[in-house]
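The file data-v7.pdb contains PDB, C-alpha atoms and all ligand atoms:
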```
ATOM      1  CA  GLN A 210       0.000   0.000   0.000
ATOM      2  CA  HIS A 211       1.188   3.473  -0.908
ATOM      3  CA  ILE A 212       1.746   5.547   2.239
ATOM      4  CA  VAL A 213       1.127   9.281   2.070
ATOM      5  CA  PRO A 214       3.420  11.207   4.461
ATOM      6  CA  THR A 215       1.350  12.806   7.224
ATOM      7  CA  LEU A 216       1.915  14.952  10.270
ATOM      8  CA  LEU A 217      -0.887  14.881  12.878
ATOM      9  CA  VAL A 218      -1.023  16.924  16.111
ATOM     10  CA  HIS A 219      -3.290  17.346  19.127
ATOM     11  CA  GLY A 220      -3.573  20.295  21.474
ATOM     12  CA  GLY A 221      -5.145  18.565  24.478
ATOM     13  CA  ALA A 222      -8.368  16.770  25.379
ATOM     14  CA  GLY A 223     -10.944  18.176  27.784
ATOM     15  CA  ASP A 224     -13.618  20.782  28.236
ATOM     16  CA  VAL A 225     -12.176  23.519  26.003
ATOM     17  CA  SER A 226     -14.203  26.725  26.466
ATOM     18  CA  ASP A 227     -16.025  28.163  23.455
ATOM     19  CA  ASP A 228     -14.008  31.372  23.487
ATOM     20  CA  SER A 229     -10.664  29.587  23.282
ATOM     21  CA  ILE A 230     -11.638  27.459  20.260
ATOM     22  CA  PRO A 231     -10.300  29.894  17.601
ATOM     23  CA  TYR A 232      -6.938  30.091  19.414
ATOM     24  CA  LYS A 233      -6.634  26.343  19.844
ATOM     25  CA  ASN A 234      -7.561  25.783  16.195
ATOM     26  CA  ALA A 235      -5.039  28.373  15.007
ATOM     27  CA  GLY A 236      -2.347  26.820  17.218
ATOM     28  CA  VAL A 237      -2.814  23.226  16.069
ATOM     29  CA  LYS A 238      -3.090  24.251  12.405
ATOM     30  CA  LEU A 239       0.174  26.184  12.627
ATOM     31  CA  ALA A 240       1.893  23.294  14.406
ATOM     32  CA  ALA A 241       0.709  20.778  11.788
ATOM     33  CA  ARG A 242       2.008  22.997   8.997
ATOM     34  CA  ILE A 243       5.368  23.597  10.689
ATOM     35  CA  GLY A 244       5.798  19.880  11.384
ATOM     36  CA  TYR A 245       4.791  18.918   7.868
ATOM     37  CA  GLU A 246       7.228  21.442   6.357
ATOM     38  CA  ALA A 247      10.001  19.959   8.516
ATOM     39  CA  LEU A 248       9.044  16.484   7.300
ATOM     40  CA  LYS A 249       9.160  17.620   3.674
ATOM     41  CA  LYS A 250      12.442  19.460   4.132
ATOM     42  CA  THR A 251      14.369  16.940   6.231
ATOM     43  CA  GLY A 252      12.549  13.671   5.491
ATOM     44  CA  ASN A 253      12.981  12.940   9.205
ATOM     45  CA  VAL A 254       9.852  11.997  11.174
ATOM     46  CA  VAL A 255      11.555  12.665  14.529
ATOM     47  CA  GLU A 256      12.507  16.189  13.493
ATOM     48  CA  ALA A 257       8.963  16.714  12.202
ATOM     49  CA  VAL A 258       7.211  15.742  15.450
ATOM     50  CA  GLN A 259       9.698  17.784  17.466
ATOM     51  CA  GLN A 260       9.116  20.911  15.361
ATOM     52  CA  ALA A 261       5.340  20.503  15.589
ATOM     53  CA  VAL A 262       5.453  20.150  19.377
ATOM     54  CA  GLN A 263       7.831  23.097  19.748
ATOM     55  CA  ALA A 264       5.357  25.314  17.891
ATOM     56  CA  MET A 265       2.774  24.532  20.593
ATOM     57  CA  GLU A 266       5.245  24.705  23.505
ATOM     58  CA  GLU A 267       5.895  28.351  22.687
ATOM     59  CA  ASN A 268       2.183  29.129  22.297
ATOM     60  CA  ASP A 269       0.546  30.199  25.584
ATOM     61  CA  GLN A 270      -2.745  28.584  24.537
ATOM     62  CA  PHE A 271      -1.383  25.141  25.317
ATOM     63  CA  ASN A 272      -0.415  23.374  28.526
ATOM     64  CA  ALA A 273       3.198  22.786  27.491
ATOM     65  CA  GLY A 274       6.293  24.991  27.683
ATOM     66  CA  TYR A 275       5.129  28.617  27.999
ATOM     67  CA  GLY A 276       1.594  28.490  29.408
ATOM     68  CA  GLY A 277       2.033  25.159  31.178
ATOM     69  CA  VAL A 278      -0.271  24.645  34.160
ATOM     70  CA  LEU A 279       1.004  25.143  37.702
ATOM     71  CA  THR A 280       1.878  22.882  40.596
ATOM     72  CA  TRP A 281       0.218  23.483  43.944
ATOM     73  CA  GLU A 282       3.170  25.763  44.708
ATOM     74  CA  GLY A 283       2.731  27.785  41.527
ATOM     75  CA  ASN A 284       5.578  26.462  39.355
ATOM     76  CA  VAL A 285       5.605  25.077  35.828
ATOM     77  CA  GLU A 286       7.049  21.544  36.037
ATOM     78  CA  MET A 287       7.076  19.744  32.722
ATOM     79  CA  ASP A 288       7.254  16.237  31.221
ATOM     80  CA  ALA A 289       8.044  15.289  27.608
ATOM     81  CA  ALA A 290       8.924  12.263  25.489
ATOM     82  CA  ILE A 291       9.948  11.592  21.910
ATOM     83  CA  MET A 292      10.250   8.203  20.201
ATOM     84  CA  GLU A 293      11.463   6.914  16.850
ATOM     85  CA  GLY A 294       9.615   3.905  15.421
ATOM     86  CA  ALA A 295      12.425   2.542  13.220
ATOM     87  CA  THR A 296      14.871   1.949  16.080
ATOM     88  CA  LEU A 297      12.568   2.136  19.121
ATOM     89  CA  ASP A 298      14.968   4.762  20.383
ATOM     90  CA  ALA A 299      13.423   7.255  22.796
ATOM     91  CA  GLY A 300      14.120  10.187  25.091
ATOM     92  CA  CYS A 301      11.995  11.144  28.101
ATOM     93  CA  VAL A 302      12.269  13.964  30.637
ATOM     94  CA  SER A 303      10.358  14.918  33.769
ATOM     95  CA  LEU A 304      10.288  17.654  36.417
ATOM     96  CA  ILE A 305      11.734  20.157  33.936
ATOM     97  CA  ARG A 306      11.622  23.839  34.827
ATOM     98  CA  ASP A 307      12.412  27.115  33.039
ATOM     99  CA  ILE A 308      13.084  25.563  29.629
ATOM    100  CA  LEU A 309      10.909  26.608  26.706
ATOM    101  CA  HIS A 310      11.244  23.334  24.783
ATOM    102  CA  PRO A 311      11.287  20.225  26.986
ATOM    103  CA  ILE A 312      10.726  18.159  23.835
ATOM    104  CA  ALA A 313      14.137  19.303  22.533
ATOM    105  CA  LEU A 314      15.676  18.185  25.815
ATOM    106  CA  ALA A 315      13.989  14.783  25.431
ATOM    107  CA  ARG A 316      15.534  14.545  21.947
ATOM    108  CA  SER A 317      18.953  15.371  23.399
ATOM    109  CA  VAL A 318      18.547  12.656  26.036
ATOM    110  CA  MET A 319      17.759  10.235  23.203
ATOM    111  CA  GLU A 320      20.664  11.242  21.004
ATOM    112  CA  LYS A 321      23.393  12.363  23.390
ATOM    113  CA  THR A 322      23.186  10.161  26.487
ATOM    114  CA  ARG A 323      23.332   6.434  27.065
ATOM    115  CA  HIS A 324      20.036   6.684  28.965
ATOM    116  CA  LYS A 325      16.433   7.066  27.887
ATOM    117  CA  TYR A 326      14.870   8.970  30.779
ATOM    118  CA  LEU A 327      16.231  11.831  32.899
ATOM    119  CA  ALA A 328      14.305  13.712  35.574
ATOM    120  CA  GLY A 329      14.681  16.537  38.061
ATOM    121  CA  ASP A 330      18.058  17.995  39.031
ATOM    122  CA  GLY A 331      20.013  15.566  36.856
ATOM    123  CA  ALA A 332      17.918  16.416  33.814
ATOM    124  CA  MET A 333      18.392  20.129  34.486
ATOM    125  CA  ALA A 334      22.161  19.692  34.893
ATOM    126  CA  PHE A 335      22.249  17.843  31.565
ATOM    127  CA  ALA A 336      20.228  20.646  29.954
ATOM    128  CA  ILE A 337      22.784  23.225  31.079
ATOM    129  CA  GLU A 338      25.657  21.062  29.901
ATOM    130  CA  ASP A 339      23.923  20.622  26.540
ATOM    131  CA  GLY A 340      23.594  24.390  26.100
ATOM    132  CA  PHE A 341      19.867  24.840  26.754
ATOM    133  CA  GLU A 342      18.832  28.339  27.729
ATOM    134  CA  ILE A 343      17.585  28.333  31.325
ATOM    135  CA  LEU A 344      15.015  31.107  31.580
ATOM    136  CA  PRO A 345      14.670  33.304  34.659
ATOM    137  CA  GLU A 346      12.477  31.556  37.236
ATOM    138  CA  GLY A 347       8.788  32.007  36.553
ATOM    139  CA  SER A 348       9.201  32.992  32.880
ATOM    140  CA  LEU A 349       6.857  30.227  31.707
ATOM    141  CA  VAL A 350       4.094  31.168  34.166
ATOM    142  CA  THR A 351       1.123  32.923  32.544
ATOM    143  CA  GLU A 352      -1.742  34.856  34.118
ATOM    144  CA  ARG A 353      -4.166  32.246  32.777
ATOM    145  CA  ALA A 354      -2.270  29.448  34.530
ATOM    146  CA  LYS A 355      -2.236  31.453  37.789
ATOM    147  CA  LYS A 356      -5.974  31.995  37.544
ATOM    148  CA  ALA A 357      -6.558  28.279  36.895
ATOM    149  CA  LEU A 358      -4.596  27.381  40.036
ATOM    150  CA  GLU A 359      -6.537  29.944  42.046
ATOM    151  CA  ASP A 360      -9.850  28.569  40.727
ATOM    152  CA  TYR A 361      -8.717  25.047  41.530
ATOM    153  CA  LYS A 362      -7.805  25.964  45.101
ATOM    154  CA  ASN A 363     -11.042  27.880  45.580
ATOM    155  CA  SER A 364     -13.107  24.997  44.296
ATOM    156  CA  LEU A 365     -11.424  22.649  46.781
ATOM    157  CA  ASN A 366     -12.159  25.066  49.588
ATOM    158  CA  LYS A 367     -15.768  25.296  48.513
ATOM    159  CA  THR A 368     -16.395  21.583  48.386
ATOM    160  CA  ASN A 369     -14.088  21.144  51.390
ATOM    161  CA  SER A 370     -12.711  18.026  49.744
ATOM    162  CA  ALA A 371      -9.317  17.256  48.312
ATOM    163  CA  CYS A 372     -11.018  14.722  46.033
ATOM    164  CA  ASP A 373      -9.121  11.742  47.344
ATOM    165  CA  ASP A 374     -11.825   9.543  45.956
ATOM    166  CA  GLU A 375     -10.920   9.010  42.337
ATOM    167  CA  GLU A 376     -14.542   8.491  41.330
ATOM    168  CA  GLU A 377     -15.288  11.999  42.565
ATOM    169  CA  GLN A 378     -12.616  13.702  40.518
ATOM    170  CA  PRO A 379     -13.961  15.886  37.760
ATOM    171  CA  GLU A 380     -12.910  15.233  34.188
ATOM    172  CA  ILE A 381      -9.494  16.674  33.455
ATOM    173  CA  GLY A 382     -10.012  19.997  31.761
ATOM    174  CA  ASP A 383     -13.046  20.815  33.870
ATOM    175  CA  LYS A 384     -12.872  24.329  35.216
ATOM    176  CA  VAL A 385     -11.141  23.295  38.418
ATOM    177  CA  PHE A 386      -8.252  21.803  36.517
ATOM    178  CA  GLY A 387      -7.686  24.797  34.228
ATOM    179  CA  SER A 388      -7.667  24.709  30.461
ATOM    180  CA  PRO A 389      -6.632  21.468  28.766
ATOM    181  CA  GLY A 390      -3.721  21.648  26.404
ATOM    182  CA  THR A 391      -1.089  18.935  26.616
ATOM    183  CA  VAL A 392       0.379  18.755  23.128
ATOM    184  CA  GLY A 393       1.492  15.904  20.924
ATOM    185  CA  ALA A 394       2.469  14.996  17.392
ATOM    186  CA  VAL A 395       2.744  11.795  15.376
ATOM    187  CA  ALA A 396       4.125  11.382  11.853
ATOM    188  CA  ILE A 397       4.672   8.830   9.113
ATOM    189  CA  ASP A 398       6.798   9.092   5.978
ATOM    190  CA  ALA A 399       6.380   7.352   2.616
ATOM    191  CA  TYR A 400       8.514   4.405   3.788
ATOM    192  CA  GLY A 401       6.445   3.731   6.892
ATOM    193  CA  ASN A 402       8.829   5.318   9.388
ATOM    194  CA  VAL A 403       6.874   6.687  12.341
ATOM    195  CA  ALA A 404       7.613   8.919  15.335
ATOM    196  CA  ALA A 405       5.722  10.333  18.309
ATOM    197  CA  ALA A 406       6.234  13.257  20.689
ATOM    198  CA  THR A 407       4.262  14.545  23.685
ATOM    199  CA  SER A 408       4.900  17.535  25.959
ATOM    200  CA  THR A 409       2.923  18.744  28.964
ATOM    201  CA  GLY A 410       2.756  20.833  32.108
ATOM    202  CA  GLY A 411       0.652  18.068  33.670
ATOM    203  CA  ILE A 412      -2.425  18.964  35.697
ATOM    204  CA  THR A 413      -3.270  22.118  37.624
ATOM    205  CA  GLY A 414      -2.515  21.956  41.333
ATOM    206  CA  LYS A 415      -0.447  18.774  41.070
ATOM    207  CA  MET A 416       1.960  17.936  43.874
ATOM    208  CA  PRO A 417       5.526  18.973  43.086
ATOM    209  CA  GLY A 418       7.256  15.843  41.804
ATOM    210  CA  ARG A 419       4.122  14.386  40.211
ATOM    211  CA  ILE A 420       4.759  12.828  36.788
ATOM    212  CA  GLY A 421       1.984  12.072  34.300
ATOM    213  CA  ASP A 422       1.567   9.658  31.409
ATOM    214  CA  SER A 423       3.128  11.820  28.693
ATOM    215  CA  PRO A 424       6.770  10.748  29.240
ATOM    216  CA  ILE A 425       5.822   7.134  29.995
ATOM    217  CA  LEU A 426       6.575   4.951  26.969
ATOM    218  CA  GLY A 427       3.540   2.776  26.279
ATOM    219  CA  GLY A 428       1.414   5.110  28.422
ATOM    220  CA  GLY A 429       1.031   8.476  26.718
ATOM    221  CA  THR A 430       3.681   8.134  24.010
ATOM    222  CA  TYR A 431       4.942   5.337  21.748
ATOM    223  CA  ALA A 432       6.233   4.711  18.214
ATOM    224  CA  ASP A 433       7.089   1.437  16.484
ATOM    225  CA  ASN A 434       7.230   1.026  12.704
ATOM    226  CA  ALA A 435       5.654  -2.431  13.142
ATOM    227  CA  ALA A 436       2.614  -1.109  15.006
ATOM    228  CA  GLY A 437       2.233   2.665  14.590
ATOM    229  CA  CYS A 438       2.589   5.789  16.704
ATOM    230  CA  ILE A 439       0.589   7.380  19.513
ATOM    231  CA  SER A 440       0.303  10.541  21.566
ATOM    232  CA  ALA A 441      -2.287  10.687  24.349
ATOM    233  CA  THR A 442      -3.854  13.432  26.451
ATOM    234  CA  GLY A 443      -6.153  13.408  29.455
ATOM    235  CA  ASN A 444      -5.871  12.232  33.045
ATOM    236  CA  GLY A 445      -2.312  10.956  33.330
ATOM    237  CA  GLU A 446      -2.901   8.815  36.387
ATOM    238  CA  THR A 447      -5.447   6.842  34.373
ATOM    239  CA  ILE A 448      -3.687   6.736  31.002
ATOM    240  CA  MET A 449      -0.466   5.373  32.498
ATOM    241  CA  ARG A 450      -2.215   2.655  34.494
ATOM    242  CA  TYR A 451      -4.179   1.526  31.453
ATOM    243  CA  ASN A 452      -1.071   1.505  29.198
ATOM    244  CA  VAL A 453      -3.183   3.283  26.636
ATOM    245  CA  ALA A 454      -0.510   3.584  23.925
ATOM    246  CA  SER A 455       0.637  -0.019  24.112
ATOM    247  CA  ARG A 456      -2.911  -1.398  24.219
ATOM    248  CA  ILE A 457      -3.852   0.529  21.084
ATOM    249  CA  LEU A 458      -0.712  -0.530  19.230
ATOM    250  CA  SER A 459      -1.146  -4.167  20.159
ATOM    251  CA  LEU A 460      -4.681  -4.166  18.716
ATOM    252  CA  ILE A 461      -3.234  -2.749  15.497
ATOM    253  CA  GLU A 462      -0.225  -5.062  15.325
ATOM    254  CA  HIS A 463      -1.721  -8.324  16.522
ATOM    255  CA  PHE A 464      -5.420  -8.027  15.727
ATOM    256  CA  GLY A 465      -5.306  -6.057  12.476
ATOM    257  CA  LEU A 466      -7.453  -3.142  13.627
ATOM    258  CA  THR A 467      -6.998   0.238  11.947
ATOM    259  CA  ALA A 468      -5.647   3.151  13.991
ATOM    260  CA  GLN A 469      -9.141   4.596  14.360
ATOM    261  CA  GLU A 470     -10.757   1.306  15.401
ATOM    262  CA  ALA A 471      -8.050   0.479  17.940
ATOM    263  CA  THR A 472      -7.931   3.995  19.379
ATOM    264  CA  ALA A 473     -11.697   4.195  19.802
ATOM    265  CA  ALA A 474     -11.916   0.725  21.383
ATOM    266  CA  VAL A 475      -9.215   1.352  23.995
ATOM    267  CA  LEU A 476     -10.398   4.846  24.934
ATOM    268  CA  GLU A 477     -14.012   3.699  25.334
ATOM    269  CA  GLN A 478     -12.872   0.781  27.532
ATOM    270  CA  MET A 479     -10.640   3.063  29.594
ATOM    271  CA  THR A 480     -13.412   5.593  30.098
ATOM    272  CA  VAL A 481     -15.818   2.921  31.348
ATOM    273  CA  ARG A 482     -13.207   1.271  33.581
ATOM    274  CA  PHE A 483     -11.954   4.468  35.265
ATOM    275  CA  ASN A 484     -14.713   7.004  34.712
ATOM    276  CA  GLN A 485     -12.059   9.332  33.250
ATOM    277  CA  THR A 486     -11.833  10.651  29.728
ATOM    278  CA  ALA A 487      -8.883  10.984  27.360
ATOM    279  CA  GLY A 488      -7.939  11.681  23.760
ATOM    280  CA  VAL A 489      -5.428  10.073  21.420
ATOM    281  CA  ILE A 490      -3.929  10.682  18.010
ATOM    282  CA  SER A 491      -2.426   7.694  16.218
ATOM    283  CA  ILE A 492      -1.176   6.458  12.850
ATOM    284  CA  ASP A 493      -1.023   2.775  11.895
ATOM    285  CA  PRO A 494       1.705   1.268   9.677
ATOM    286  CA  ASN A 495      -0.545   1.630   6.598
ATOM    287  CA  GLY A 496      -0.789   5.358   7.185
ATOM    288  CA  ASN A 497      -4.385   5.351   8.466
ATOM    289  CA  LEU A 498      -5.068   8.004  11.085
ATOM    290  CA  GLY A 499      -6.777   7.606  14.452
ATOM    291  CA  ILE A 500      -8.289  10.703  16.054
ATOM    292  CA  TYR A 501     -10.549   9.929  18.992
ATOM    293  CA  PHE A 502     -11.543  11.423  22.330
ATOM    294  CA  THR A 503     -14.015  10.552  25.060
ATOM    295  CA  SER A 504     -13.659  14.058  26.541
ATOM    296  CA  ARG A 505     -16.012  16.782  25.343
ATOM    297  CA  ARG A 506     -13.411  18.248  22.998
ATOM    298  CA  MET A 507      -9.883  17.728  21.677
ATOM    299  CA  SER A 508      -8.158  20.102  19.270
ATOM    300  CA  TRP A 509      -6.307  18.339  16.464
ATOM    301  CA  ALA A 510      -4.944  19.054  12.969
ATOM    302  CA  TYR A 511      -3.041  17.231  10.288
ATOM    303  CA  GLN A 512      -1.381  18.029   6.998
ATOM    304  CA  ARG A 513      -1.134  15.491   4.198
ATOM    305  CA  GLY A 514      -0.027  16.840   0.816
ATOM    306  CA  ASP A 515      -1.751  20.158   0.346
ATOM    307  CA  GLU A 516      -4.683  19.306   2.611
ATOM    308  CA  LEU A 517      -4.843  20.715   6.125
ATOM    309  CA  HIS A 518      -7.582  19.093   8.240
ATOM    310  CA  TYR A 519      -8.603  20.222  11.698
ATOM    311  CA  GLY A 520     -11.341  19.981  14.301
ATOM    312  CA  ILE A 521     -12.167  20.217  17.982
ATOM    313  CA  ASP A 522     -15.759  19.000  18.428
ATOM    314  CA  LYS A 523     -16.872  15.431  17.850
ATOM    315  CA  GLY A 524     -17.395  14.643  14.181
ATOM    316  CA  GLU A 525     -15.764  17.872  13.033
ATOM    317  CA  ASP A 526     -13.306  17.674  10.098
ATOM    318  CA  ILE A 527     -12.658  20.990   8.359
ATOM    319  CA  VAL A 528     -10.388  20.948   5.314
ATOM    320  CA  GLU A 529      -8.302  23.781   3.926
ATOM    321  CA  ILE A 530      -6.089  23.619   0.861
ATOM    322  CA  ILE A 531      -2.581  24.888   1.526
ATOM    323  CA  GLY A 532      -0.659  27.018  -0.927
ATOM    324  CA  GLU A 533      -1.794  27.880  -4.426
ATOM    325  CA  PRO A 534      -5.318  26.718  -5.153
ATOM    326  CA  ARG A 535      -5.308  23.706  -7.461
ATOM    327  CA  VAL A 536      -6.300  24.652 -10.979
ATOM    328  CA  LYS A 537      -8.882  22.361 -12.500
ATOM    329  CA  PHE A 538      -8.781  21.867 -16.278
TER     330      PHE A 538
HETATM  331  N1  LIG B   1      -3.822  17.519  29.916
HETATM  332  C1  LIG B   1      -3.145  16.410  29.871
HETATM  333  O1  LIG B   1      -3.187  15.713  28.899
HETATM  334  C2  LIG B   1      -2.319  16.064  31.087
HETATM  335  C3  LIG B   1      -1.348  14.947  30.960
HETATM  336  N2  LIG B   1      -1.859  13.786  30.304
HETATM  337  C4  LIG B   1      -0.884  14.591  32.344
HETATM  338  O2  LIG B   1      -1.597  13.934  33.048
HETATM  339  O3  LIG B   1       0.171  15.005  32.723
END
```

Could you show the structure in this file as C-alpha cells?
Ligand SMILES: NC(=O)C[C@H](N)C(=O)O
Amino acid sequence: QHIVPTLLVHGGAGDVSDDSIPYKNAGVKLAARIGYEALKKTGNVVEAVQQAVQAMEENDQFNAGYGGVLTWEGNVEMDAAIMEGATLDAGCVSLIRDILHPIALARSVMEKTRHKYLAGDGAMAFAIEDGFEILPEGSLVTERAKKALEDYKNSLNKTNSACDDEEEQPEIGDKVFGSPGTVGAVAIDAYGNVAAATSTGGITGKMPGRIGDSPILGGGTYADNAAGCISATGNGETIMRYNVASRILSLIEHFGLTAQEATAAVLEQMTVRFNQTAGVISIDPNGNLGIYFTSRRMSWAYQRGDELHYGIDKGEDIVEIIGEPRVKF
C-alpha cells in the first residue's frame, strides 16, 4: 500500500471553552504545517514531530512549555517524550523547569546520552551542559495558569474536599483543573517510518514531583514502525495505568485493527473502567489516522499533501487547501 506522508497533532483533550476554540484551532493548524514542512524538508519523522510540538510549547494557549499549568506551589514543572519507530529509540524527561522546549531536551537525552529517561536535578544539569537556555524563574508562568490554580484551590475550599476519591474527581479539563492543552504529534513518511512526541505541564494543582503519562513509553507516548505511533492526552494517572498507547498498538499489530478502530476501542474501555476521559492521536503502519476522544473536545490538525484538516468538536473535520489553489482543467 502506498503511504502518504502525514503529520498529525493534538492540542489537548478536555472541556475547552467556546471562546478559546479559535486560538486552539489556530495553534494546532500552525503546528501541523510547521511539522509537515520539517518532514518535507528533512525527510525525518523525529525532526517533524519535534518541530510541531515546539510550535505549541511556545504558544501560551497550550499546557506545554510557555503556558504550562502550575503545581500546587505555583511552578511550571514539565514532562516530555519523543520516540522513533524505526529503532525504538526514545528520550523522556520529567520535572523540567524554566526551559521553553522540553521536547528538545527529550531529543537530546535520546541522542546524546546512554540513557532514555532523565528527571529533576540531573535532567536540568544535563540541559545546562547541553547548552539549553535556562530562563529566569517564573518565565513560563502565565496569568491564565495562575488563575486556573486559584480557581482550583477555591473549588477545593468550597467543596471542602481534596477529592481523594478518584470516582469523585472531575474530568481533566473541567474548570477546576484549568484549560486542557497537553500537546502531541505523530508522523509517518512514505517508507512507513513513524515517530511520536508529547509535551505537557501536567495537571493544575499537582503535587511537586508528580509525573503524568506523557513521558511514559507505552502510556502516553509510543512509536514502532511495526505497530504505529501514539500521543495521548487526558488524566495521566489513568492513562499510564491503562497503558493506553501499548494497548492501542497491540490491537493494530496483533489483531489487524486500523488506527481509528483500535484507538476508539481502547479509549471507550478506559473511560468505562476508570470514569475518566482521554484523547489520542495515532497512525497505523498503513498510514491510516486515528483521532478519537471521550472528553467533550480535543483540538487536532493534520497536513497530508496540500490538505490541512482540523477539528475540535466530535465529528468535526474541516479541510483547507494549503498554498496555491489547485487549478482544475
Ligand atoms: N492535559 C493532559 O493531557 C495532562 C497529561 N496527560 C498529564 O496527566 O500530565

- Would you kindly translate the PyMOL selection byres (((chain A and resi 238) around 12) and not hetatm) into the concrete residues it picks from this file, as an MDAnalysis selection string? chainID A and resid 216:220 231:237 239:245 261:262 264:265 394 508:512 516:521 527:531

- CA of Ala432 (chain A) to CA of Ala404 (chain A), distance in Å rounded to a single decimal: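 Atom-to-atom, CA of Ala432 (chain A) to CA of Ala404 (chain A), that is 5.3 Å.
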
Kindly compute an axis-aligned box around the listed atoms of ligand LIG 1 (chain B), allowing 8 Å on each side, and express its centre and edge lengths in Å to one decimal as AutoDock Vina command-line options.
```
--center_x -1.8 --center_y 15.7 --center_z 31.0 --size_x 20.0 --size_y 19.7 --size_z 20.1
```

- Closest of A:Thr503, A:Asn497, A:Thr447, A:Asn366 to ligand LIG 1 (chain B), counting only C-alpha atoms and all ligand atoms, is A:Thr447

- Could you list, as a PyMOL selection string, all the residues within 6 Å of ligand LIG 1 (chain B), counting all atoms listed in the file? chain A and resi 221+389-391+409+411-412+421-423+442-445

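We find CA of Tyr275 (chain A) and CA of Lys355 (chain A) to be spaced 12.6 Å apart.
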
Since the input is missing atoms for region 407-421 of chain A, could you rebuild it with N, CA, C and O atoms and give the result as a compact mmCIF listing (two decimals), in the frame of the given file?
```
# COMPACT_ATOMS: atom_id res chain seq x y z
N THR A 407 5.29 13.96 22.81
CA THR A 407 4.26 14.54 23.68
C THR A 407 4.95 15.46 24.70
O THR A 407 6.05 15.14 25.17
N SER A 408 4.31 16.59 25.01
CA SER A 408 4.90 17.54 25.96
C SER A 408 3.78 18.14 26.80
O SER A 408 2.72 18.48 26.27
N THR A 409 4.01 18.28 28.10
CA THR A 409 2.92 18.74 28.96
C THR A 409 3.41 19.45 30.22
O THR A 409 4.54 19.20 30.68
N GLY A 410 2.55 20.27 30.78
CA GLY A 410 2.76 20.83 32.11
C GLY A 410 2.06 19.98 33.16
O GLY A 410 2.16 20.27 34.35
N GLY A 411 1.32 18.96 32.71
CA GLY A 411 0.65 18.07 33.67
C GLY A 411 -0.74 18.55 34.01
O GLY A 411 -1.50 18.94 33.12
N ILE A 412 -1.09 18.53 35.29
CA ILE A 412 -2.42 18.96 35.70
C ILE A 412 -2.33 20.04 36.78
O ILE A 412 -1.45 20.00 37.63
N THR A 413 -3.26 20.98 36.70
CA THR A 413 -3.27 22.12 37.62
C THR A 413 -3.33 21.65 39.08
O THR A 413 -4.13 20.78 39.41
N GLY A 414 -2.47 22.25 39.90
CA GLY A 414 -2.52 21.96 41.33
C GLY A 414 -1.86 20.64 41.71
O GLY A 414 -1.99 20.18 42.85
N LYS A 415 -1.10 20.06 40.76
CA LYS A 415 -0.45 18.77 41.07
C LYS A 415 0.59 18.96 42.17
O LYS A 415 1.14 20.06 42.35
N MET A 416 0.89 17.89 42.88
CA MET A 416 1.96 17.94 43.87
C MET A 416 3.28 18.11 43.15
O MET A 416 3.49 17.50 42.10
N PRO A 417 4.19 18.92 43.69
CA PRO A 417 5.53 18.97 43.09
C PRO A 417 6.09 17.55 43.04
O PRO A 417 5.93 16.79 44.00
N GLY A 418 6.71 17.20 41.92
CA GLY A 418 7.26 15.84 41.80
C GLY A 418 6.33 14.87 41.11
O GLY A 418 6.75 13.79 40.73
N ARG A 419 5.06 15.27 40.91
CA ARG A 419 4.12 14.39 40.21
C ARG A 419 4.51 14.27 38.73
O ARG A 419 4.85 15.25 38.08
N ILE A 420 4.47 13.06 38.21
CA ILE A 420 4.76 12.83 36.79
C ILE A 420 3.54 12.17 36.17
O ILE A 420 2.94 11.27 36.77
N GLY A 421 3.17 12.62 34.97
CA GLY A 421 1.98 12.07 34.30
C GLY A 421 2.33 10.98 33.31
O GLY A 421 3.40 10.37 33.36
```
